[in-house]
Amino acid sequence: MLVGVMLLLWSLMGERQLGHDLHYSRFRELLKSGQVETAFVSTERIYGKIREPKDGDPPREEGEPSGAFDYQTRWIRDEQLVADFDQHGVDYKGFTEEPSSGLYMLWMLPLLLLPLLFLGMLFRARGGGPGGGAMGSPFGFGRSRARMHADKETGVRFGDVAGCEEAKTDLAEVVGFLKNPKRYAKLGAKIPKGVLLLGPPGTGKTLLARAVAGEAGVPFFSISGSEFVEMFVGVGAARVRDLFEQAKKQAPCIIFVDEIDAIGRARGVQMGAVNDEREQTLNQLLVELDGFEPNSGVILLAATNRPEVLDRALLRPGRFDRQVVLDAPDFEGRKAILAVHARGKPMADDVDLAAIARGTPGFSGADLANALNEAALLASRHQAEKIAHADLEEAIEKIVAGPERQTRRLKDVERRRVAFHETGHALVAYHTEGADPVHKISIVPRGRAALGYTMQLPLEDQYLLTRAEIEARLVGLLGGRAAEQVVFGNVSTGASDDLDRATRMVREMVCVYGMGESAGLMRCASDPDQPYLRGPGTRLQRDCSEATAQAIDEEVRTMLDGYYARAVELLQRHRAELDKVATTLLERERLDAREFADLLAEGGE
Ligand code: ADP
Ligand code: MG
Ligand code: ZN
């Protein structure tokens with residue numbers, strides 16, 4: 001390669017040295033006056049030497065060297081030429097244009113660069129290992145290599161992952177094997193090659209994978225599935241090959257493919273170039289999975305929150321046959337996670353992590369870590385030395401409902417309406433059997449939309465809801481609008497979110513839980529099929545006939561009307577309490593569970 005470049009430079013320089021450029025006419029003049037000493041004639045050009053001018057020679061033209069010089073000229077088909085050479089005693093000779101002519105080399109430039117580019121890609125595809133990427137290739141193609149990480153020591157231990165004891169137990173076997181592969185081999189035990197970590201986002205899948213490597217004290221190779229899929233065709237597959245090659249050299253070790261659904265998606269569903277690429281990558285992954293021996297000391301971990309889209313081929317025995325599920329943590333889990341993340345943070349004495357854990361059902365590990373961090377930020381904002389319990393409460397409210405909007409000024413009539421609306425929710429819940437206790441009422445605007453909110457919290461984690469409990473929630477949800485109706489005699493736009501949620505809940509009752517008349521026990525809606533990504537906003541898809549759908553709509557409407565009537569009736573009955581709590585709320589802007597309970601106790605109805 002280098003030789004080629006040098007040849008090119010040499011010939012370019014050579015061209016310049018080949019001589020002064022002469023017009024053909026001038027060349028003939030010099031020839032006629034007998035000054036041309038030598039001539040090398042090719043098919044296109046003549047090169048040679050002009051001698052020192054003698055007395056009596058015609059003067060040199062402007063720009064021409066005054067002494068002897070080398071010349072070149074592009075000649076015109078000239079029958080006379082050889083005769084004239086002979087006449088003037090020129091030493092002449094013919095030759096074919098040398099291939100190293102500068103011009104030719106210029107044309108070859110792209111040709112020369114091509115292998116260079118190719119080499120670059122090869123470098124990237126197989127050369128250097130993880131971490132060796134800095135050198136990469138001459139053209140920086142290796143850049144993306146840096147995104148494949150190899151950690152000698154992840155620095156994470158099982159102790160840093162809390163609230164998923166079962167998952168840790170499942171993975172302890174893998175750790176044991178990595179620590180002492182020989183013992184397992186001696187017993188003839190086969191350790192799974194691939195372990196798939198499943199769970200909703202933020203439950204610590206990535207963290208746990210790193211902890212396995214940390215506990216076993218083995219290197220940790222990781223790459224994210226989406227990084228495999230690149231525009232360069234074939235690179236994704238090459239990377240898989242590369243990853244396994246590197247890892248095998250360092251066995252025992254862990255290869256971790258994060259977000260594996262990016263490549264492991266069931267094949268042949270969509271079409272297009274990107275998909276082809278993904279498919280090749282997936283195929284390569286399958287080949288590699290089958291290719292290495294069960295006890296070679298390499299264990300593949302992968303994580304996803306979309307297990308339902310994974311290609312079945314990935315999950316069959318001998319591949320990712322072991323699956324470890326990480327779920328949103330329960331109360332004990334949340335308490336443990338909070339404790340892990342509170343380490344190294346100065347906590348005031350009043351901090352009650354158990355209370356925080358109780359108040360955060362549905363929070364993932366990442367949410368909790370985030371809450372603690374937010375609390376630390378809040379504490380530092382008011383120059384506190386330690387994080388107080390109030391900081392934590394505020395941080396959680398901020399995560400749930402959005403940041404406070406102190407600047408959003410409501411008109412007095414609006415504030416009044418919001419206060420009654422929120423009190424309506426709280427009071428209905430208070431008086432309904434099976435509703436979750438009220439945790440907090442606030443009329444401080446938060447986030448994008450909420451002008452106020454009522455937070456209700458279950459006493460314990462709940463995995464089942466009875467029909468009565470769902471209905472209690474529904475009546476509570478409609479309590480806001482009911483209060484507006486009862487107090488002001490009219491309603492506002494403020495209840496749109498409540499109505500949306502209530503409608504969805506009733507629809508689910510009828511279509512999914514078999515609690516309605518029109519569909520009976522028939523399930524007539526289908527999930528979007530993403531068990532770990534379902535949130536309150538997930539919409540169901542209709543899966544029934546037109547006639548049934550119509551009947552369902554009717555019934556949903558009737559049910560909603562019924563719950564609303566219950567809410568209105570309840571508030572009318574407790575009108576005095578409604579006024580009292582709302583007035584206090586207007587004064588204080590927020591009420592916590594105890595203040596709310598105290599107010600109602602005083603009233604002594
Ligand atoms: P996932 O990969 O499941 O989406 P991560 O492992 O990336 O989630 O978690 C993000 C962060 O949340 C972690 O770095 C950690 O700080 C915190 N976290 C999540 N789950 C836990 C847990 N079980 N114990 C301790 N911290 C956790
Ligand atoms: Mg992750
Ligand atoms: Zn409301």
# chains A, B, ... in the order shown; residues from 1 in each chain; ligands from 1

call {"tool": "residues_around", "arguments": {"residues": "A:Gly489", "least_positions_apart": "4", "cutoff": "12 Å", "atoms": "only C-alpha atoms", "output": "PyMOL selection string"}}
result
chain A and resi 417+481-485+568+572

call {"tool": "closest_atom_pairs", "arguments": {"of": "chain A", "to": "ligand 2", "cutoff": "9 Å", "atoms": "only C-alpha atoms and all ligand atoms", "output": "CSV"}}
result
residue,atom,partner,partner_atom_place_in_ligand_line,distance
A:Pro201,CA,ligand 2,1 (Mg),6.9
A:Gly202,CA,ligand 2,1 (Mg),6.7
A:Thr203,CA,ligand 2,1 (Mg),8.2
A:Gly204,CA,ligand 2,1 (Mg),6.8
A:Lys205,CA,ligand 2,1 (Mg),5.6
A:Thr206,CA,ligand 2,1 (Mg),4.4
A:Leu207,CA,ligand 2,1 (Mg),7.4
A:Ser224,CA,ligand 2,1 (Mg),9.0
A:Asp258,CA,ligand 2,1 (Mg),6.3
A:Glu259,CA,ligand 2,1 (Mg),6.8
A:Ala303,CA,ligand 2,1 (Mg),7.0
A:Thr304,CA,ligand 2,1 (Mg),7.7
A:Asn305,CA,ligand 2,1 (Mg),8.8

call {"tool": "residues_around", "arguments": {"residues": "A:Pro307", "least_positions_apart": "3", "cutoff": "10 Å", "atoms": "only C-alpha atoms", "output": "short mmCIF file (atom, residue, chain, number, x, y, z; two decimals) with N, CA and C atoms, in the first residue's frame"}}
result
data_model
loop_
_atom_site.label_atom_id
_atom_site.label_comp_id
_atom_site.auth_asym_id
_atom_site.auth_seq_id
_atom_site.Cartn_x
_atom_site.Cartn_y
_atom_site.Cartn_z
N LEU A 196 -31.64 -15.21 30.10
CA LEU A 196 -32.36 -14.02 29.66
C LEU A 196 -32.99 -13.34 30.87
N LEU A 197 -32.69 -12.05 31.05
CA LEU A 197 -33.29 -11.29 32.14
C LEU A 197 -34.49 -10.53 31.59
N LEU A 198 -35.65 -10.78 32.19
CA LEU A 198 -36.88 -10.14 31.72
C LEU A 198 -37.41 -9.21 32.79
N GLY A 199 -38.01 -8.12 32.38
CA GLY A 199 -38.66 -7.27 33.36
C GLY A 199 -38.92 -5.89 32.82
N ILE A 260 -31.91 -6.90 23.96
CA ILE A 260 -31.71 -7.88 22.89
C ILE A 260 -32.87 -7.89 21.91
N ASP A 261 -34.01 -7.35 22.32
CA ASP A 261 -35.14 -7.34 21.39
C ASP A 261 -34.85 -6.55 20.12
N GLY A 264 -33.23 -9.43 18.37
CA GLY A 264 -33.82 -10.75 18.52
C GLY A 264 -35.27 -10.84 18.13
N ARG A 265 -35.80 -9.77 17.58
CA ARG A 265 -37.19 -9.74 17.17
C ARG A 265 -37.51 -10.88 16.20
N ALA A 303 -30.75 -9.01 28.22
CA ALA A 303 -31.86 -8.37 28.93
C ALA A 303 -32.86 -7.80 27.94
N THR A 304 -34.12 -7.83 28.33
CA THR A 304 -35.14 -7.22 27.48
C THR A 304 -36.38 -6.89 28.29
N LEU A 310 -39.50 -11.56 21.01
CA LEU A 310 -38.27 -12.30 20.70
C LEU A 310 -38.54 -13.49 19.78
N ASP A 311 -37.59 -13.73 18.91
CA ASP A 311 -37.67 -14.86 18.01
C ASP A 311 -37.66 -16.16 18.83
N ARG A 312 -38.54 -17.07 18.44
CA ARG A 312 -38.65 -18.32 19.21
C ARG A 312 -37.34 -19.08 19.19
N LEU A 315 -35.07 -18.69 22.11
CA LEU A 315 -35.50 -19.17 23.42
C LEU A 315 -35.47 -20.68 23.55
N GLN A 530 -47.71 -6.18 25.34
CA GLN A 530 -46.40 -5.81 25.85
C GLN A 530 -46.45 -5.83 27.37
N PRO A 531 -46.43 -7.01 27.95
CA PRO A 531 -46.70 -7.13 29.38
C PRO A 531 -45.84 -6.21 30.24
N TYR A 532 -44.59 -5.97 29.83
CA TYR A 532 -43.72 -5.20 30.71
C TYR A 532 -43.73 -3.71 30.42
#

call {"tool": "select_by_dssp", "arguments": {"residues": "stretch 50-101 of chain A", "states": "strand (DSSP E)", "output": "ChimeraX atom specification"}}
result
/A:50,69-74,91-94

call {"tool": "closest_atom_pairs", "arguments": {"of": "stretch 287-336 of chain A", "to": "stretch 251-255 of chain A", "cutoff": "7 Å", "atoms": "only C-alpha atoms", "output": "CSV"}}
result
residue,atom,partner,partner_atom,distance
A:Gly297,CA,A:Pro252,CA,4.3
A:Val298,CA,A:Cys253,CA,5.2
A:Ile299,CA,A:Ile254,CA,5.0
A:Leu300,CA,A:Ile255,CA,4.8
A:Leu301,CA,A:Ile255,CA,6.1

call {"tool": "write_last_selection", "arguments": {"atoms": "N, CA and C atoms", "output": "CSV table (one decimal), in the first residue's frame"}}
result
chain,number,residue,atom,x,y,z
A,297,GLY,N,-16.9,-21.8,29.5
A,297,GLY,CA,-16.7,-20.7,30.5
A,297,GLY,C,-17.2,-19.4,30.0
A,298,VAL,N,-17.8,-19.3,28.9
A,298,VAL,CA,-18.5,-18.1,28.5
A,298,VAL,C,-20.0,-18.2,28.7
A,299,ILE,N,-20.5,-17.2,29.4
A,299,ILE,CA,-21.9,-17.3,29.7
A,299,ILE,C,-22.6,-16.0,29.1
A,300,LEU,N,-23.6,-16.2,28.4
A,300,LEU,CA,-24.3,-15.1,27.7
A,300,LEU,C,-25.5,-14.7,28.5
A,301,LEU,N,-25.4,-13.4,28.9
A,301,LEU,CA,-26.6,-12.8,29.6
A,301,LEU,C,-27.2,-11.9,28.6

call {"tool": "residues_around", "arguments": {"residues": "A:Gly194", "least_positions_apart": "6", "cutoff": "9 Å", "atoms": "only C-alpha atoms", "output": "count of residues only"}}
result
11

call {"tool": "residues_around", "arguments": {"residues": "stretch 168-184 of chain A", "least_positions_apart": "5", "cutoff": "10 Å", "atoms": "only C-alpha atoms", "output": "ChimeraX atom specification"}}
result
/A:158-159,161-163,189-193,195,208-209,211-218,251-254,295-299,322-326

call {"tool": "residues_near_ligand", "arguments": {"ligand": "ligand 3", "cutoff": "7 Å", "atoms": "only C-alpha atoms and all ligand atoms", "output": "ChimeraX atom specification"}}
result
/A:421-422,425,453,477,480-481,494-495,497-498

call {"tool": "select_by_dssp", "arguments": {"residues": "stretch 197-259 of chain A", "states": "helix (DSSP H, G or I)", "output": "PyMOL selection string"}}
result
chain A and resi 205-216+225-228+235-249

call {"tool": "atom_distance", "arguments": {"atom1": "atom CA of A:Asp57", "atom2": "atom CA of A:Arg77"}}
result
26.8 Å

call {"tool": "residues_around", "arguments": {"residues": "A:Lys386", "least_positions_apart": "2", "cutoff": "6 Å", "atoms": "only C-alpha atoms", "output": "ChimeraX atom specification"}}
result
/A:346-348,384

call {"tool": "closest_residue", "arguments": {"among": "A:Ala549, A:Ile441, A:Cys164, A:Ala68", "to": "ligand 1", "atoms": "only C-alpha atoms and all ligand atoms"}}
result
A:Cys164
